[in-house]
Amino acid sequence: MSLTNAQLAELCALTSEDLTGNKEKALRRASRKAYQWPEEAAALVAGDRSLTELDGVGPYVAAQLQGWLENPPEEIPEPPPIRSGFVTFARARELVASEPSRRRDIKGDLQMHTRYSDGQASIRDMAHAGIELGYDYIAITDHSKGLKIAGGMDEDTLANQGAEIDELNDELDDFRVLKALEMNISPDGSGDMEFEALERLDLVLGSFHSKLRLKEDQTDRYLAGLRNPHVHVLGHPRCRIFNFRLGLTADWARVFDEAAALDKAVEIDGFPYRQDLNVELLELAREAGVRISIGTDAHNEAEMQFIEVGVAAAIAAGIPTERILNYQPVDDLLSWTDSLKP
Ligand SMILES: [Zn+2]
């Protein structure tokens, strides 16, 4: 049995803990990047290809990986909670390939960023990537003004972006770019943008980006976020990050029941180091019957591939496609957000 990318990731993380400086950094980075590799590292070696083809792998990391693949350690411990419950992109692709309609029927990606905030590509680039992926629509969800660190947009910038999207939509046939926003919400549930600016949008994600390391139960924060009349989707709810932050805790059954009662959605952020919601919580979400939104949180065109990580989580949790926004035609999606307008 050859080692999987998940096992290699754990070995990188564990080994990094005994190192300092550049070696520590390189292995720590590789442990995170291993979740983004599209193929198993073992398959590359078997095919006589260089491991440096993989993102985050230079000669030093490649030599480490090669060593482990040739002489696997006797035992690889179970990852600690901060690295648990993640699926590698390579494994997610296999899972999704076993149910091809789940990928084929996806009509859009509902979270991504552009140069309007902290992304690296233009709206046009992202739209063309969406067309390549066979979608009917994408939602551009740049950050709002409260999140200065990510270049959050104020109302004027959001209006300019909307005008650019309108022009692009006039040009594109059978493809729609949705005017959307990842609005920063405070722990008390309030947003950071004027009502008039939000009214013009097709879709609003509400996400927490502060006080993310609190240990106490955060149920009230989630209920408040969901009750914010402008929020349609609760973005990356747990706010966990692989090997960096555990994420918040709550009475999730209560949170999902409230979301279902309000007819709002909770997100699967498919970015490999987030995977938020994760499978365990998605099973609770399925029981509550709440709507699910899948977004890649892509910051460039290539990262839009991570839709399969989100799809794999939905498959693993047994979420029926009827409850997932991304399988809906754009008109149904828009009539849903319309029905929620305050
Ligand atoms: Zn976010």
# chains A, B, ... in the order shown; residues from 1 in each chain; ligands from 1
call {"tool": "closest_atom_pairs", "arguments": {"of": "chain A", "to": "ligand 1", "cutoff": "9 Å", "atoms": "only C-alpha atoms and all ligand atoms", "output": "tab-separated table"}}
result
residue	atom	partner	partner_atom_place_in_ligand_line	distance
A:His143	CA	ligand 1	1 (Zn)	7.5
A:Glu182	CA	ligand 1	1 (Zn)	6.7
A:Met183	CA	ligand 1	1 (Zn)	8.4
A:Asn184	CA	ligand 1	1 (Zn)	7.7
A:Gly206	CA	ligand 1	1 (Zn)	8.5
A:Ser207	CA	ligand 1	1 (Zn)	5.7
A:Phe208	CA	ligand 1	1 (Zn)	7.0
A:His209	CA	ligand 1	1 (Zn)	6.4
A:Gly235	CA	ligand 1	1 (Zn)	6.8
A:His236	CA	ligand 1	1 (Zn)	6.7
A:Cys239	CA	ligand 1	1 (Zn)	8.0
A:Asp297	CA	ligand 1	1 (Zn)	7.8
call {"tool": "residues_around", "arguments": {"residues": "Ile315 (chain A)", "least_positions_apart": "6", "cutoff": "10 Å", "atoms": "only C-alpha atoms", "output": "PyMOL selection string"}}
result
chain A and resi 92+95-96+99+102+279+282+309+321
call {"tool": "residues_around", "arguments": {"residues": "region 249-251 of chain A", "least_positions_apart": "6", "cutoff": "6 Å", "atoms": "only C-alpha atoms", "output": "short mmCIF file (atom, residue, chain, number, x, y, z; two decimals) with C-alpha atoms, in the first residue's frame"}}
result
data_model
loop_
_atom_site.label_atom_id
_atom_site.label_comp_id
_atom_site.auth_asym_id
_atom_site.auth_seq_id
_atom_site.Cartn_x
_atom_site.Cartn_y
_atom_site.Cartn_z
CA ASP A 217 -20.50 28.14 22.60
CA GLN A 218 -21.34 30.53 19.73
CA THR A 219 -24.92 29.45 18.98
#
call {"tool": "closest_residue", "arguments": {"among": "A:Ala90, A:Met153, A:Val290, A:Ala298", "to": "Tyr116 (chain A)", "atoms": "only C-alpha atoms"}}
result
A:Met153
call {"tool": "closest_residue", "arguments": {"among": "A:Ala127, A:Leu203, A:Ala316, A:Val255", "to": "Leu340 (chain A)", "atoms": "only C-alpha atoms"}}
result
A:Leu203
call {"tool": "residues_around", "arguments": {"residues": "Arg91 (chain A)", "least_positions_apart": "6", "cutoff": "9 Å", "atoms": "only C-alpha atoms", "output": "list in words"}}
result
Thr4, Asn5, Ala6, Pro38, Glu39, Glu40, Val309 and Ala312 of chain A
call {"tool": "write_last_selection", "arguments": {"atoms": "N, CA and C atoms", "output": "CSV table (one decimal), in the first residue's frame"}}
result
chain,number,residue,atom,x,y,z
A,4,THR,N,-1.0,7.8,1.1
A,4,THR,CA,-1.9,8.7,0.4
A,4,THR,C,-1.4,10.2,0.7
A,5,ASN,N,-1.9,11.1,-0.1
A,5,ASN,CA,-1.6,12.5,0.2
A,5,ASN,C,-1.9,12.9,1.6
A,6,ALA,N,-3.0,12.4,2.2
A,6,ALA,CA,-3.4,12.8,3.5
A,6,ALA,C,-2.3,12.3,4.5
A,38,PRO,N,-3.8,17.7,-7.1
A,38,PRO,CA,-4.9,17.0,-7.9
A,38,PRO,C,-4.7,15.5,-8.1
A,39,GLU,N,-3.5,15.1,-7.8
A,39,GLU,CA,-3.2,13.6,-8.0
A,39,GLU,C,-2.4,13.1,-6.8
A,40,GLU,N,-2.5,11.8,-6.6
A,40,GLU,CA,-1.7,11.2,-5.5
A,40,GLU,C,-0.2,11.4,-5.8
A,309,VAL,N,-14.2,19.3,-4.1
A,309,VAL,CA,-14.0,19.1,-2.7
A,309,VAL,C,-15.4,19.3,-2.0
A,312,ALA,N,-17.8,16.5,-3.1
A,312,ALA,CA,-17.5,15.2,-2.4
A,312,ALA,C,-18.0,15.3,-0.9
call {"tool": "select_by_dssp", "arguments": {"residues": "region 197-260 of chain A", "states": "strand (DSSP E)", "output": "JSON, numbers by chain"}}
result
{"A": [203, 204, 205, 206, 207, 208, 233, 234]}
call {"tool": "residues_around", "arguments": {"residues": "Val311 (chain A)", "least_positions_apart": "3", "cutoff": "12 Å", "atoms": "only C-alpha atoms", "output": "PyMOL selection string"}}
result
chain A and resi 87+89+91-106+108-109+267-272+275+277-279+282+292-296+305-308+314-321+324-327
call {"tool": "residues_around", "arguments": {"residues": "Asp202 (chain A)", "least_positions_apart": "2", "cutoff": "10 Å", "atoms": "only C-alpha atoms", "output": "list of chain:residue names"}}
result
A:Ala139, A:Ile140, A:Val177, A:Leu178, A:Lys179, A:Ala180, A:Leu181, A:Leu198, A:Glu199, A:Arg200, A:Val204, A:His232, A:Leu333, A:Leu334, A:Ser335, A:Trp336, A:Thr337, A:Asp338
call {"tool": "closest_residue", "arguments": {"among": "A:Arg227, A:Lys211, A:His128, A:Arg240", "to": "Leu172 (chain A)", "atoms": "only C-alpha atoms"}}
result
A:His128
call {"tool": "closest_residue", "arguments": {"among": "A:Asn300, A:Asn243, A:Asn71, A:Ser186", "to": "Thr114 (chain A)", "atoms": "only C-alpha atoms"}}
result
A:Asn300
call {"tool": "closest_residue", "arguments": {"among": "A:Ala197, A:Leu248, A:Ile82, A:Leu27", "to": "Leu214 (chain A)", "atoms": "only C-alpha atoms"}}
result
A:Leu248
call {"tool": "select_by_dssp", "arguments": {"residues": "region 180-337 of chain A", "states": "alpha helix (DSSP H)", "output": "number ranges by chain"}}
result
A: 195-199, 219-227, 252-262, 279-288, 307-316, 330-337
call {"tool": "write_last_selection", "arguments": {"atoms": "C-alpha atoms", "output": "compact mmCIF listing (two decimals), in the first residue's frame"}}
result
# COMPACT_ATOMS: atom_id res chain seq x y z
CA PHE A 195 -29.16 48.68 2.84
CA GLU A 196 -29.38 50.32 -0.63
CA ALA A 197 -26.13 48.67 -1.74
CA LEU A 198 -27.30 45.23 -0.63
CA GLU A 199 -30.71 45.60 -2.24
CA THR A 219 -24.92 29.45 18.98
CA ASP A 220 -26.27 32.96 19.59
CA ARG A 221 -23.83 34.44 17.08
CA TYR A 222 -25.03 32.05 14.38
CA LEU A 223 -28.70 32.67 15.14
CA ALA A 224 -28.05 36.41 14.94
CA GLY A 225 -26.18 36.03 11.64
CA LEU A 226 -28.99 34.00 10.13
CA ARG A 227 -31.59 36.50 11.32
CA TRP A 252 -25.37 23.05 15.36
CA ALA A 253 -28.72 21.25 15.27
CA ARG A 254 -30.30 24.43 16.59
CA VAL A 255 -28.41 26.59 14.09
CA PHE A 256 -29.50 24.42 11.16
CA ASP A 257 -33.11 24.27 12.38
CA GLU A 258 -33.17 28.07 12.50
CA ALA A 259 -31.66 28.29 9.02
CA ALA A 260 -34.29 25.85 7.73
CA ALA A 261 -37.10 27.78 9.44
CA LEU A 262 -35.86 31.03 7.84
CA VAL A 279 -19.05 16.10 6.59
CA GLU A 280 -19.99 15.48 10.21
CA LEU A 281 -21.90 18.76 10.49
CA LEU A 282 -23.36 18.35 7.02
CA GLU A 283 -25.06 15.18 8.24
CA LEU A 284 -26.83 17.29 10.87
CA ALA A 285 -27.64 19.86 8.21
CA ARG A 286 -29.17 17.12 6.08
CA GLU A 287 -31.39 16.03 8.98
CA ALA A 288 -32.56 19.63 9.44
CA ILE A 307 -15.74 22.61 -6.42
CA GLU A 308 -15.12 18.85 -6.31
CA VAL A 309 -14.03 19.10 -2.68
CA GLY A 310 -17.41 20.64 -1.83
CA VAL A 311 -19.29 18.15 -3.99
CA ALA A 312 -17.45 15.24 -2.35
CA ALA A 313 -18.48 16.49 1.11
CA ALA A 314 -22.11 16.74 0.01
CA ILE A 315 -21.97 13.21 -1.40
CA ALA A 316 -20.35 11.84 1.76
CA VAL A 330 -30.34 30.54 -12.15
CA ASP A 331 -33.98 31.69 -12.24
CA ASP A 332 -34.90 29.41 -9.33
CA LEU A 333 -31.89 30.60 -7.39
CA LEU A 334 -32.89 34.23 -7.93
CA SER A 335 -36.52 33.68 -7.03
CA TRP A 336 -35.34 32.14 -3.79
CA THR A 337 -33.18 35.17 -2.86
call {"tool": "closest_residue", "arguments": {"among": "A:Asp276, A:Glu53, A:Glu301, A:Glu10", "to": "Pro237 (chain A)", "atoms": "only C-alpha atoms"}}
result
A:Asp276
call {"tool": "atom_distance", "arguments": {"atom1": "CA of Ala63 (chain A)", "atom2": "CA of Asp48 (chain A)"}}
result
14.3 Å
call {"tool": "residues_around", "arguments": {"residues": "Trp68 (chain A)", "least_positions_apart": "4", "cutoff": "12 Å", "atoms": "only C-alpha atoms", "output": "list in words"}}
result
Ser2, Leu3, Thr4, Asn5, Gln7, Leu8, Ala9, Glu10, Leu11, Cys12, Thr15, Ala41, Ala42, Val45, Val61, Ala62, Ala63, Gln64, Pro72, Pro73, Glu74, Glu75 and Ile76 of chain A
call {"tool": "atom_distance", "arguments": {"atom1": "CA of Phe175 (chain A)", "atom2": "CA of Gly130 (chain A)"}}
result
8.8 Å
call {"tool": "decode", "arguments": {"residues": "region 304-329 of chain A", "atoms": "N, CA and C atoms", "output": "compact mmCIF listing (two decimals), in the first residue's frame"}}
result
# COMPACT_ATOMS: atom_id res chain seq x y z
N MET A 304 -10.98 27.34 -8.83
CA MET A 304 -12.40 26.98 -9.05
C MET A 304 -12.57 25.46 -9.20
N GLN A 305 -11.47 24.76 -9.48
CA GLN A 305 -11.51 23.30 -9.55
C GLN A 305 -11.93 22.68 -8.22
N PHE A 306 -11.72 23.41 -7.14
CA PHE A 306 -12.00 22.84 -5.82
C PHE A 306 -13.49 22.62 -5.57
N ILE A 307 -14.31 22.94 -6.55
CA ILE A 307 -15.74 22.61 -6.42
C ILE A 307 -15.91 21.14 -6.07
N GLU A 308 -14.99 20.29 -6.56
CA GLU A 308 -15.12 18.85 -6.31
C GLU A 308 -14.92 18.51 -4.83
N VAL A 309 -14.19 19.33 -4.12
CA VAL A 309 -14.03 19.10 -2.68
C VAL A 309 -15.39 19.32 -1.98
N GLY A 310 -16.08 20.37 -2.39
CA GLY A 310 -17.41 20.64 -1.83
C GLY A 310 -18.42 19.58 -2.23
N VAL A 311 -18.36 19.18 -3.50
CA VAL A 311 -19.29 18.15 -3.99
C VAL A 311 -19.05 16.83 -3.26
N ALA A 312 -17.78 16.49 -3.05
CA ALA A 312 -17.45 15.24 -2.35
C ALA A 312 -18.02 15.26 -0.93
N ALA A 313 -17.94 16.39 -0.25
CA ALA A 313 -18.48 16.49 1.11
C ALA A 313 -20.00 16.29 1.10
N ALA A 314 -20.66 16.89 0.11
CA ALA A 314 -22.11 16.74 0.01
C ALA A 314 -22.49 15.29 -0.26
N ILE A 315 -21.73 14.63 -1.11
CA ILE A 315 -21.97 13.21 -1.40
C ILE A 315 -21.79 12.39 -0.11
N ALA A 316 -20.66 12.62 0.56
CA ALA A 316 -20.35 11.84 1.76
C ALA A 316 -21.42 12.02 2.84
N ALA A 317 -22.00 13.22 2.91
CA ALA A 317 -23.02 13.49 3.93
C ALA A 317 -24.42 13.11 3.46
N GLY A 318 -24.53 12.66 2.23
CA GLY A 318 -25.83 12.24 1.71
C GLY A 318 -26.82 13.37 1.49
N ILE A 319 -26.32 14.56 1.16
CA ILE A 319 -27.20 15.71 0.90
C ILE A 319 -27.83 15.53 -0.49
N PRO A 320 -29.16 15.49 -0.57
CA PRO A 320 -29.79 15.37 -1.89
C PRO A 320 -29.57 16.64 -2.72
N THR A 321 -29.40 16.48 -4.02
CA THR A 321 -29.11 17.65 -4.86
C THR A 321 -30.25 18.68 -4.82
N GLU A 322 -31.46 18.24 -4.52
CA GLU A 322 -32.60 19.18 -4.45
C GLU A 322 -32.39 20.23 -3.35
N ARG A 323 -31.57 19.92 -2.37
CA ARG A 323 -31.34 20.88 -1.28
C ARG A 323 -30.10 21.74 -1.53
N ILE A 324 -29.43 21.53 -2.64
CA ILE A 324 -28.18 22.26 -2.91
C ILE A 324 -28.43 23.33 -3.97
N LEU A 325 -28.16 24.57 -3.62
CA LEU A 325 -28.45 25.70 -4.52
C LEU A 325 -27.78 25.53 -5.88
N ASN A 326 -26.56 25.01 -5.89
CA ASN A 326 -25.76 24.95 -7.11
C ASN A 326 -26.35 24.05 -8.20
N TYR A 327 -27.32 23.23 -7.85
CA TYR A 327 -27.95 22.38 -8.86
C TYR A 327 -29.21 23.03 -9.43
N GLN A 328 -29.53 24.23 -8.94
CA GLN A 328 -30.73 24.91 -9.41
C GLN A 328 -30.44 25.80 -10.60
N PRO A 329 -31.41 25.90 -11.52
CA PRO A 329 -31.27 26.89 -12.59
C PRO A 329 -31.22 28.29 -11.99
